[in-house]
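Take a look at the structure below.
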Amino acid sequence: MKAQVGDRLIVEGTHTGEGRRIGVIVELRHPGGEPPYVVRWEGAEHESLVFPGPDAHVEAGRGREAALPAS
């Protein structure tokens with residue numbers, strides 16, 4: 001998994017009734033974009049250091065979509 005500042009980290013709920021969490025990556029700890037990431041969570045007034053698991057994925061932030069190669 002690789003990301004850039006401004007990308008969204010989406011973590012799917014792993015238990016019944018648990019919703020997904022969405023946050024914006026605000027800081028990288030490695031220049032290559034590997035985890036961990038500092039994430040500001042939507043609807044929360046805090047940031048946290050996140051080591052994403054298999055239930056997480058990254059979506060390109062606004063402005064990056066056009067720069068990504070088509071899959």
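Scheme for the structure tokens: letters A, B, ... for chains in order shown; per-chain residue numbers from 1; ligand numbers from 1 in order shown.
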Original post:
Can you list, as a PyMOL selection string, every protein, DNA or RNA residue that comes within 8 Å of stretch 22-39 of chain A when you count only C-alpha atoms, leaving out same-chain residues fewer than 4 positions away?
Top reply: chain A and resi 1-11+47-52
Original post:
Where in chain A does DSSP assign strand (DSSP E), given as a list in words?
Top reply: Arg8, Leu9, Ile10, Val11, Arg21, Ile22, Gly23, Val24, Ile25, Val26, Glu27, Leu28, Tyr37, Val38, Val39, Arg40, Trp41, Glu47, Ser48, Leu49, Val50, Ala56, His57, Val58 and Glu59 of chain A
